[in-house]
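Remarks on the structure that follows.
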Amino acid sequence: VQAIFDSVNTLLNYVENGTDAPKLSDFTTLGLADITTADQLTLINSYLNDTNTAVADIDSYDELQARLTAVKNILTDAAVADLAAEEGIDDVVASYVTTSANLEALGFTYVDTSTTTATLVNAGQATTEVTPENIASVRLAIANSEDDLSELQSFSALKTLIEDTAKAANTIQAYGAGVSGAPVPTVADYTAIGVTGVNSLNVAAINSSLAEAGV
């Protein structure tokens, strides 16, 4: 019982104060699964120490387990061999394990467009909402990070990767759909979602075709 008490306090104190980072043994003492590697520990601790993480986010077994599973699945996909050069976003054959629930567990906004309308653009800027239409791009971006997981050693890096990819995908979708105020897609937007071959010479023509086709 004392060991459980100590591990719970270690986790909660780390969220509140950022001192005495939890060890693998703290999670296993609590009977939690899906945390067995140093990379998983590094990323979950970075999440716990993030300024947007509150004690209320992890003060139950199920909540904490959901976040550990999310980290495990994301890092599993990150270790997949880079795919953009071989296939691109429209021809992805890899089997990814990151789910929308995983992303939600870590605080990302997921909108199920089968039941709710997504806000692709707000005040002239693309949003970071993840949707069924762009989650494939998010998974591909995760897979195309460094296979040794060196790019995802902090939650802030993961957050930037996912949100930048979602914004790029939402920019392209909104522009193609003729959403009022949608920003014009850039080369970087196409690159972010795994589309290859777009450059400064052809991006205007691609955007014109995109708008005409109403993608």
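Every chain in the structure tokens has a letter given in the order shown (A, B, ...), and although residue numbers restart at 1 in each chain, ligands are simply numbered from 1 in the order shown.
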Which residues are near segment 151-165 of chain A? Cut-off 8 Å, only C-alpha atoms, ignore same chain within fewer than 6 positions. Put them as a PDB file with N, CA and C atoms, in the first residue's frame.
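File out_39.pdb, as written:
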ATOM      1  N   ASP A  39      11.761   5.703 -24.075  1.00  0.00           N
ATOM      2  CA  ASP A  39      11.123   6.714 -24.928  1.00  0.00           C
ATOM      3  C   ASP A  39       9.694   6.986 -24.493  1.00  0.00           C
ATOM      4  N   THR A  42       9.879   9.059 -21.341  1.00  0.00           N
ATOM      5  CA  THR A  42      10.255  10.444 -21.620  1.00  0.00           C
ATOM      6  C   THR A  42       9.068  11.252 -22.125  1.00  0.00           C
ATOM      7  N   LEU A  43       8.303  10.671 -23.053  1.00  0.00           N
ATOM      8  CA  LEU A  43       7.185  11.421 -23.636  1.00  0.00           C
ATOM      9  C   LEU A  43       6.036  11.584 -22.657  1.00  0.00           C
ATOM     10  N   ILE A  44       5.706  10.545 -21.901  1.00  0.00           N
ATOM     11  CA  ILE A  44       4.603  10.702 -20.944  1.00  0.00           C
ATOM     12  C   ILE A  44       4.994  11.678 -19.840  1.00  0.00           C
ATOM     13  N   SER A  46       6.976  14.203 -20.207  1.00  0.00           N
ATOM     14  CA  SER A  46       6.900  15.531 -20.816  1.00  0.00           C
ATOM     15  C   SER A  46       5.451  16.002 -20.870  1.00  0.00           C
ATOM     16  N   TYR A  47       4.549  15.084 -21.182  1.00  0.00           N
ATOM     17  CA  TYR A  47       3.120  15.428 -21.166  1.00  0.00           C
ATOM     18  C   TYR A  47       2.681  15.816 -19.759  1.00  0.00           C
ATOM     19  N   ASP A  50       3.742  19.232 -18.867  1.00  0.00           N
ATOM     20  CA  ASP A  50       3.299  20.318 -19.745  1.00  0.00           C
ATOM     21  C   ASP A  50       2.422  21.296 -18.970  1.00  0.00           C
ATOM     22  N   LEU A  75       4.142   6.442 -30.528  1.00  0.00           N
ATOM     23  CA  LEU A  75       5.555   6.104 -30.717  1.00  0.00           C
ATOM     24  C   LEU A  75       5.718   4.844 -31.571  1.00  0.00           C
ATOM     25  N   THR A 128      -6.796  23.757 -35.729  1.00  0.00           N
ATOM     26  CA  THR A 128      -6.004  22.546 -35.474  1.00  0.00           C
ATOM     27  C   THR A 128      -6.898  21.335 -35.225  1.00  0.00           C
ATOM     28  N   GLU A 129      -8.169  21.434 -35.569  1.00  0.00           N
ATOM     29  CA  GLU A 129      -9.079  20.316 -35.351  1.00  0.00           C
ATOM     30  C   GLU A 129      -8.666  19.106 -36.188  1.00  0.00           C
ATOM     31  N   SER A 137      -3.476  12.123 -42.559  1.00  0.00           N
ATOM     32  CA  SER A 137      -2.318  13.009 -42.693  1.00  0.00           C
ATOM     33  C   SER A 137      -1.550  13.096 -41.390  1.00  0.00           C
ATOM     34  N   VAL A 138      -2.268  13.138 -40.280  1.00  0.00           N
ATOM     35  CA  VAL A 138      -1.629  13.202 -38.965  1.00  0.00           C
ATOM     36  C   VAL A 138      -0.830  11.923 -38.709  1.00  0.00           C
ATOM     37  N   ALA A 141       2.290  11.948 -40.831  1.00  0.00           N
ATOM     38  CA  ALA A 141       3.293  12.870 -40.295  1.00  0.00           C
ATOM     39  C   ALA A 141       4.028  12.251 -39.115  1.00  0.00           C
ATOM     40  N   ILE A 142       3.288  11.551 -38.269  1.00  0.00           N
ATOM     41  CA  ILE A 142       3.920  10.860 -37.132  1.00  0.00           C
ATOM     42  C   ILE A 142       4.885   9.797 -37.645  1.00  0.00           C
ATOM     43  N   SER A 145       8.210  11.100 -38.937  1.00  0.00           N
ATOM     44  CA  SER A 145       9.195  11.650 -38.010  1.00  0.00           C
ATOM     45  C   SER A 145      10.361  10.668 -37.930  1.00  0.00           C
ATOM     46  N   ASP A 189       2.234  23.599 -46.703  1.00  0.00           N
ATOM     47  CA  ASP A 189       0.999  22.902 -46.347  1.00  0.00           C
ATOM     48  C   ASP A 189       0.929  21.532 -47.019  1.00  0.00           C
ATOM     49  N   ALA A 192       3.434  19.182 -45.491  1.00  0.00           N
ATOM     50  CA  ALA A 192       3.051  18.749 -44.145  1.00  0.00           C
ATOM     51  C   ALA A 192       2.107  17.559 -44.170  1.00  0.00           C
ATOM     52  N   ILE A 193       1.266  17.442 -45.206  1.00  0.00           N
ATOM     53  CA  ILE A 193       0.308  16.332 -45.248  1.00  0.00           C
ATOM     54  C   ILE A 193       0.813  15.162 -46.092  1.00  0.00           C
TER      55      ILE A 193
END
Need the shell around Ser100 of chain A: protein/DNA/RNA residues with any atom at most 10 Å away, counting only C-alpha atoms. Skip same-chain ones fewer than 4 positions apart. Format as a ChimeraX atom specification?
/A:70,104-105,108-112,130-132,135
Go through segment 96-201 of chain A and collect every residue that DSSP, computed from the backbone, puts in helix (DSSP H, G or I); the answer should be as a PyMOL selection string.
chain A and resi 100-105+135-143+150-152+155-177+187-192
Got a sec: who's within 10 Å of Asp34 of chain A, counting only C-alpha atoms, leaving out chain neighbours fewer than 6 positions off, as JSON, numbers by chain?
{"A": [27, 28, 40, 65, 66, 67, 68, 69, 70, 71, 72, 73]}
Interface rows for segment 60-158 of chain A against segment 1-14 of chain A: nearest pair, Å to one decimal, 12 Å, only C-alpha atoms, as a Markdown table:
| residue | atom | partner | partner_atom | distance |
| --- | --- | --- | --- | --- |
| A:Ser60 | CA | A:Val8 | CA | 10.1 |
| A:Tyr61 | CA | A:Val8 | CA | 10.1 |
| A:Leu64 | CA | A:Leu11 | CA | 10.0 |
Identify which of the residues A:Asn202, A:Ala174, A:Val15, A:Ala33 lies closest to Asp59 of chain A, counting only C-alpha atoms when measuring atom-to-atom distances.
A:Val15
List the neighbours of Val184 of chain A out to 8 Å using only C-alpha atoms; skip same-chain residues closer than 2 positions along the sequence, and give me the result as a ChimeraX atom specification.
/A:171-172,175,182,186,207
Could you save those same residues with all heavy atoms as a PDB file, in the first residue's frame?
ATOM      1  N   THR A 171      -6.383  23.751 -44.076  1.00  0.00           N
ATOM      2  CA  THR A 171      -6.195  24.831 -45.046  1.00  0.00           C
ATOM      3  C   THR A 171      -6.541  24.344 -46.450  1.00  0.00           C
ATOM      4  O   THR A 171      -7.298  24.995 -47.195  1.00  0.00           O
ATOM      5  CB  THR A 171      -4.735  25.327 -45.028  1.00  0.00           C
ATOM      6  OG1 THR A 171      -4.471  25.953 -43.779  1.00  0.00           O
ATOM      7  CG2 THR A 171      -4.469  26.325 -46.148  1.00  0.00           C
ATOM      8  N   ILE A 172      -5.996  23.192 -46.800  1.00  0.00           N
ATOM      9  CA  ILE A 172      -6.205  22.654 -48.147  1.00  0.00           C
ATOM     10  C   ILE A 172      -7.665  22.259 -48.352  1.00  0.00           C
ATOM     11  O   ILE A 172      -8.262  22.560 -49.398  1.00  0.00           O
ATOM     12  CB  ILE A 172      -5.264  21.450 -48.372  1.00  0.00           C
ATOM     13  CG1 ILE A 172      -3.815  21.943 -48.400  1.00  0.00           C
ATOM     14  CG2 ILE A 172      -5.615  20.710 -49.651  1.00  0.00           C
ATOM     15  CD1 ILE A 172      -2.784  20.838 -48.285  1.00  0.00           C
ATOM     16  N   TYR A 175      -9.832  25.494 -48.548  1.00  0.00           N
ATOM     17  CA  TYR A 175      -9.613  26.217 -49.801  1.00  0.00           C
ATOM     18  C   TYR A 175     -10.296  25.494 -50.964  1.00  0.00           C
ATOM     19  O   TYR A 175     -10.956  26.115 -51.803  1.00  0.00           O
ATOM     20  CB  TYR A 175      -8.120  26.352 -50.075  1.00  0.00           C
ATOM     21  CG  TYR A 175      -7.788  27.246 -51.242  1.00  0.00           C
ATOM     22  CD1 TYR A 175      -7.795  28.633 -51.094  1.00  0.00           C
ATOM     23  CD2 TYR A 175      -7.461  26.706 -52.477  1.00  0.00           C
ATOM     24  CE1 TYR A 175      -7.498  29.463 -52.172  1.00  0.00           C
ATOM     25  CE2 TYR A 175      -7.154  27.527 -53.550  1.00  0.00           C
ATOM     26  CZ  TYR A 175      -7.169  28.905 -53.399  1.00  0.00           C
ATOM     27  OH  TYR A 175      -6.872  29.725 -54.469  1.00  0.00           O
ATOM     28  N   ALA A 182     -10.805  31.239 -46.169  1.00  0.00           N
ATOM     29  CA  ALA A 182      -9.774  30.193 -46.101  1.00  0.00           C
ATOM     30  C   ALA A 182      -8.446  30.716 -46.629  1.00  0.00           C
ATOM     31  O   ALA A 182      -8.403  31.362 -47.684  1.00  0.00           O
ATOM     32  CB  ALA A 182     -10.200  28.983 -46.903  1.00  0.00           C
ATOM     33  N   THR A 186      -0.003  26.700 -49.103  1.00  0.00           N
ATOM     34  CA  THR A 186       1.388  26.935 -49.483  1.00  0.00           C
ATOM     35  C   THR A 186       2.087  25.611 -49.765  1.00  0.00           C
ATOM     36  O   THR A 186       1.540  24.533 -49.505  1.00  0.00           O
ATOM     37  CB  THR A 186       2.137  27.653 -48.348  1.00  0.00           C
ATOM     38  OG1 THR A 186       2.181  26.768 -47.202  1.00  0.00           O
ATOM     39  CG2 THR A 186       1.439  28.948 -47.946  1.00  0.00           C
ATOM     40  N   ASN A 207      -3.281  24.937 -56.708  1.00  0.00           N
ATOM     41  CA  ASN A 207      -4.346  25.569 -55.933  1.00  0.00           C
ATOM     42  C   ASN A 207      -5.540  25.906 -56.818  1.00  0.00           C
ATOM     43  O   ASN A 207      -6.699  25.764 -56.411  1.00  0.00           O
ATOM     44  CB  ASN A 207      -3.828  26.829 -55.239  1.00  0.00           C
ATOM     45  CG  ASN A 207      -2.967  26.518 -54.035  1.00  0.00           C
ATOM     46  OD1 ASN A 207      -3.015  25.418 -53.481  1.00  0.00           O
ATOM     47  ND2 ASN A 207      -2.151  27.483 -53.620  1.00  0.00           N
TER      48      ASN A 207
END
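One finds atom CA of Val121 of chain A at 12.5 Å from atom CA of Pro185 of chain A.
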Counting only C-alpha atoms, the residue of A:Asn122, A:Leu149, A:Gly107, A:Ala136 that sits nearest Thr37 of chain A
A:Leu149
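Interatomic distance, atom CA of Ala54 of chain A to atom CA of Thr116 of chain A: 27.3 Å.
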